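Participant: Below is one structure. I have some questions about it.
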Amino acid sequence: MISFLPVGGGNEIGANCFYLNINGNGIILDCGIHPQKEGIESLPKFELLENKILDYALISHAHQDHIAALPFLIKKFPYIKIITTPQTRALAELTLHNAVSILKKEITDEQFEFYTHDEVDLLIKMINYYEYEKEFSLSSYHQITEADVIATFFDAGHILGSSGIFLNNNGYKIFYTGDINLANQAIQPAAILPNTKINTLILESTYGATDSIGILDWQKEAERFAKEANKILTAGGSILIPVFALGKLQEMLATIWLLMQKGKLSQVDVFTGGIGTKINRVYDYNRYVVNRIDKEFELSMIPQIDYTQLSSPDEFFKNPSIVLAASGMMIKGTSSYDFAMRFLQQKNSAIFTVGYMDERTPGYLISRAKRGDKIFIDNSDKPIEVKCEIKNFRFSAHAKREQLISIVKKLKPDNVILIHGDEEAINWMGKEILKSFSGIKVYVAVCGKEIVL
C-alpha cells in the first residue's frame, strides 16, 4: 500500500513536510517551518508521525519553509537518514545556523525546545548527498523487499541545489516537484523533468491563482526594472530591494550587474550583506558542477559594499545606490525592514519589490502603498507616511500556472496531489487539470488528512 500524509504545509505555503509510506518504507519529503507563525505553531505536526514507520528524510532545497524544521525532526526521531543534493547540504549549513540565531531572537515560548549550533554541526555531518540524475537506493529498515525504492534528484530550476524528487517502487513512479521553475533566471536555468510516465505527481501550486499575463519572462522584466531604476538613480535617489538571502539575492545581483555591463542600468554602488554574501560563495564554488546559464560567471567579481560595516543607513543616500537586503518580505527585525523605515521617508528614493509577498507581512503592506499614503505597520498606533516611490516587479523562481499544467501533460500521471498553494491557487489548478485531462484523479493535500493511492 502507498499512502501520502501532509504533516505540514499542504494547502498553504509554509512548513512543507509530507510523509509517504511506500509498502512499509517511510519517507519524509521536506521539513520546513512556517515563516509567518511562531514557536511550536511554526513547526510541522510531528505528532502525526508517532507510531509511523520512518526511514528517510529527503529535502528538496534549503529554503526555510522546506528545511528549517529538520533539526527538530531529528531530535524527535534521531534514526532517520537524511539525503539531499551536495549543494543543498552546503547551503543547509549556512541557513540552519542562521535559523538558530533568528529563532532565539523571535521566540519567547518557554516550552519551545531550541536546537543548538553544535546540534546543527552534527546534523550536517549526518546528511548523505547525491548528485542530480544519479540513482540511489532507499531500503526499508524493516528489510521489506517490496518496500525498496530507487530515488533520483532532478534539477528543479528554483535555486542552487533545488531538486524534484523521483521515486520508483517496483515500477510505481512518484514525482515530487518541490518548488519548481520551468524558465531561465539570470543564473539558474530551467528545471529538468523525468522522461517517463508518472503514477503519482505531487505538484506545487504557488502561482495557480496568478494570471500569467502579469509575469514577464526574466529578461523583459529586467528591462522594465532598468527603465524604472534609471529614473530614480539619475535623479540622485537610491533603491532598496528586499530579497531572500538564498536565491533571490544571487539572481537579482547577477541581473543588476549584467544590466550595468550592457549599459542599460546606471553604474552605481551596490550594497549587500549578511548571510547572503556567504551564500554567494557557495554559488560560485558550485558553478562548474551544476546547470548554469554561464559557468564562468562569478558573483564575487561584482563590486559590492557590505552594509553591515556602515555606521548608519544614511550612507545609502549620500550617492545614488542600490541596496539588496534580506528578508524578502521585510519581516520586522530584519535588515530590509529596518532600511525600509528609512527609505519610506526619502522623497527621491524608492523601494522596489521583486517577488512574492505574504499578505500578513510588512512587505505586502508596503508593496501595495503609493507615495502620499499613510500606512500602519505591525499594528502600530502611529501611521507612517510613504514619501518614496514604490514599484513592484515579478522575478519569479516558480513556474507559471500554464507551465505547471505542462508538467501534468508531460508526465501523464494517474494521480495529482496539489500542494504549496493557497485555496484559490489550488482550486484553479484542480479545475484546469480535470478539464484538460481525462482519467486523472486530483487530490488536495490537507495537513493531517491521509491519501491512500
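All residue names refer to the C-alpha cells as shown: chains lettered A, B, ... in order, residues numbered from 1 in each chain, ligands numbered from 1 in order.
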What's around stretch 18-33 of chain A at 6 Å? Count only C-alpha atoms, leave out sequence neighbours fewer than 3 positions away in its own chain, and write the answer as a PyMOL selection string.

Facilitator: chain A and resi 1-7+15+42-43+53-59+64-70+140+147

Participant: Please list as a PyMOL selection string every residue within 8 Å of A:Ile331, counting only C-alpha atoms and excluding residues in the same chain fewer than 6 positions away.

Facilitator: chain A and resi 337+361-363

Participant: Can I get the selected residues back with N, CA, C and O atoms, as a short mmCIF file (atom, residue, chain, number, x, y, z; two decimals), in the first residue's frame?

Facilitator:
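Ended up saving to again.cif:
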```
data_model
loop_
_atom_site.label_atom_id
_atom_site.label_comp_id
_atom_site.auth_asym_id
_atom_site.auth_seq_id
_atom_site.Cartn_x
_atom_site.Cartn_y
_atom_site.Cartn_z
N TYR A 337 13.66 45.39 6.67
CA TYR A 337 12.63 46.12 7.42
C TYR A 337 13.21 47.42 7.98
O TYR A 337 12.62 48.50 7.82
N THR A 361 2.52 40.16 5.98
CA THR A 361 3.85 40.74 6.23
C THR A 361 3.88 42.25 5.98
O THR A 361 3.08 42.78 5.20
N PRO A 362 4.84 42.95 6.62
CA PRO A 362 5.02 44.37 6.31
C PRO A 362 5.31 44.61 4.83
O PRO A 362 4.88 45.62 4.27
N GLY A 363 6.02 43.67 4.20
CA GLY A 363 6.34 43.81 2.79
C GLY A 363 5.10 43.93 1.92
O GLY A 363 5.08 44.69 0.95
#
```

Participant: Name the residues of stretch 220-445 of chain A that come out as strand (DSSP E or B) in a backbone DSSP run; write them as a PyMOL selection string.

Facilitator: chain A and resi 239-242+269-272+305-306+321-325+350-353+374-375+384-385+389-392+415-419+441-444

Participant: Tell me, counting only C-alpha atoms, for each residue of stretch 118-224 of chain A within 8 Å of stretch 397-418 of chain A, which pair of atoms is nearest and how far apart they are in Å to one decimal, in rows ordered by chain and increasing number, as a tab-separated table.

Facilitator:
```
residue	atom	partner	partner_atom	distance
A:Gly157	CA	A:Ala397	CA	7.7
A:His158	CA	A:Ala397	CA	5.2
A:Ile159	CA	A:Ala397	CA	7.5
A:Asp179	CA	A:His398	CA	6.5
A:Ile180	CA	A:His398	CA	5.5
A:Asn181	CA	A:Ala399	CA	4.3
A:Leu182	CA	A:Ala399	CA	5.5
A:Ala183	CA	A:Ala399	CA	7.1
A:Gln185	CA	A:Ala397	CA	7.4
A:Pro194	CA	A:Leu411	CA	7.7
A:Asn195	CA	A:Leu411	CA	7.6
A:Thr196	CA	A:Leu411	CA	6.4
A:Lys197	CA	A:Leu411	CA	4.9
A:Ile198	CA	A:Pro413	CA	4.7
A:Asn199	CA	A:Pro413	CA	4.8
A:Thr200	CA	A:Asn415	CA	4.7
A:Leu201	CA	A:Val416	CA	4.8
A:Ile202	CA	A:Ile417	CA	4.7
A:Leu203	CA	A:Leu418	CA	5.1
A:Glu204	CA	A:Leu418	CA	6.1
A:Ser205	CA	A:Leu418	CA	6.5
A:Thr206	CA	A:His398	CA	7.2
A:Tyr207	CA	A:Arg401	CA	5.5
A:Gly208	CA	A:Arg401	CA	4.9
A:Ala209	CA	A:Arg401	CA	7.7
A:Thr210	CA	A:Arg401	CA	7.3
A:Asp211	CA	A:Arg401	CA	7.9
A:Ser212	CA	A:Lys400	CA	6.2
A:Ile215	CA	A:Lys400	CA	7.8
```

Participant: Which residues are close to A:Tyr115, i.e. within 8 Å by only C-alpha atoms, leaving aside same-chain residues fewer than 3 positions away? Reply as a ChimeraX atom specification.

Facilitator: /A:71-72,100,119-120

Participant: When you count only C-alpha atoms, which of these residues is closest to A:Asn128: A:Leu167, A:Ile80, A:Leu246, A:Ile174?

Facilitator: A:Ile80

Participant: Could you tell me how far atom CA of A:Glu298 lies from atom CA of A:Ile275, in Å and to one decimal?

Facilitator: 17.2 Å

Participant: Neighbours of A:Gln267 within 10 Å (only C-alpha atoms; same-chain residues fewer than 2 positions away dropped), as a PyMOL selection string?

Facilitator: chain A and resi 230+233+256-257+259-261+263-265+269-270+320-322

Participant: Calculate how many Å separate atom CA of A:Leu73 from atom CA of A:Pro44, rounding to one decimal.

Facilitator: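 Straight-line distance from atom CA of A:Leu73 to atom CA of A:Pro44 works out to 9.0 Å.
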
Participant: Do you know which residues are at most 9 Å from A:Tyr356 counting only C-alpha atoms, after dropping those on the same chain fewer than 4 positions away, and could you put them as a PyMOL selection string?

Facilitator: chain A and resi 328-329+364+394-396

Participant: Find the residues near A:Glu135: any atom within 8 Å, counting only C-alpha atoms, skip ones fewer than 5 places away on the same chain, and give them as a PyMOL selection string.

Facilitator: chain A and resi 150-153

Participant: Using DSSP on the backbone coordinates, identify the residues of stretch 133-267 of chain A assigned to helix (DSSP H, G or I); present them as a PyMOL selection string.

Facilitator: chain A and resi 145-147+212-214+218-234+248-261

Participant: Just checking: using only C-alpha atoms, which residue out of A:Ala186, A:Ile375, A:Ile305, A:Leu324 ends up closest to A:Leu240?

Facilitator: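 Result for the nearest residue to A:Leu240: A:Leu324.
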
Participant: Given the choices A:Glu223, A:Asp118, A:Glu450, A:Glu131, which gets closest to A:Val289 if the distance is worked out from only C-alpha atoms?

Facilitator: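 The answer is A:Glu131, which sits nearest to A:Val289.
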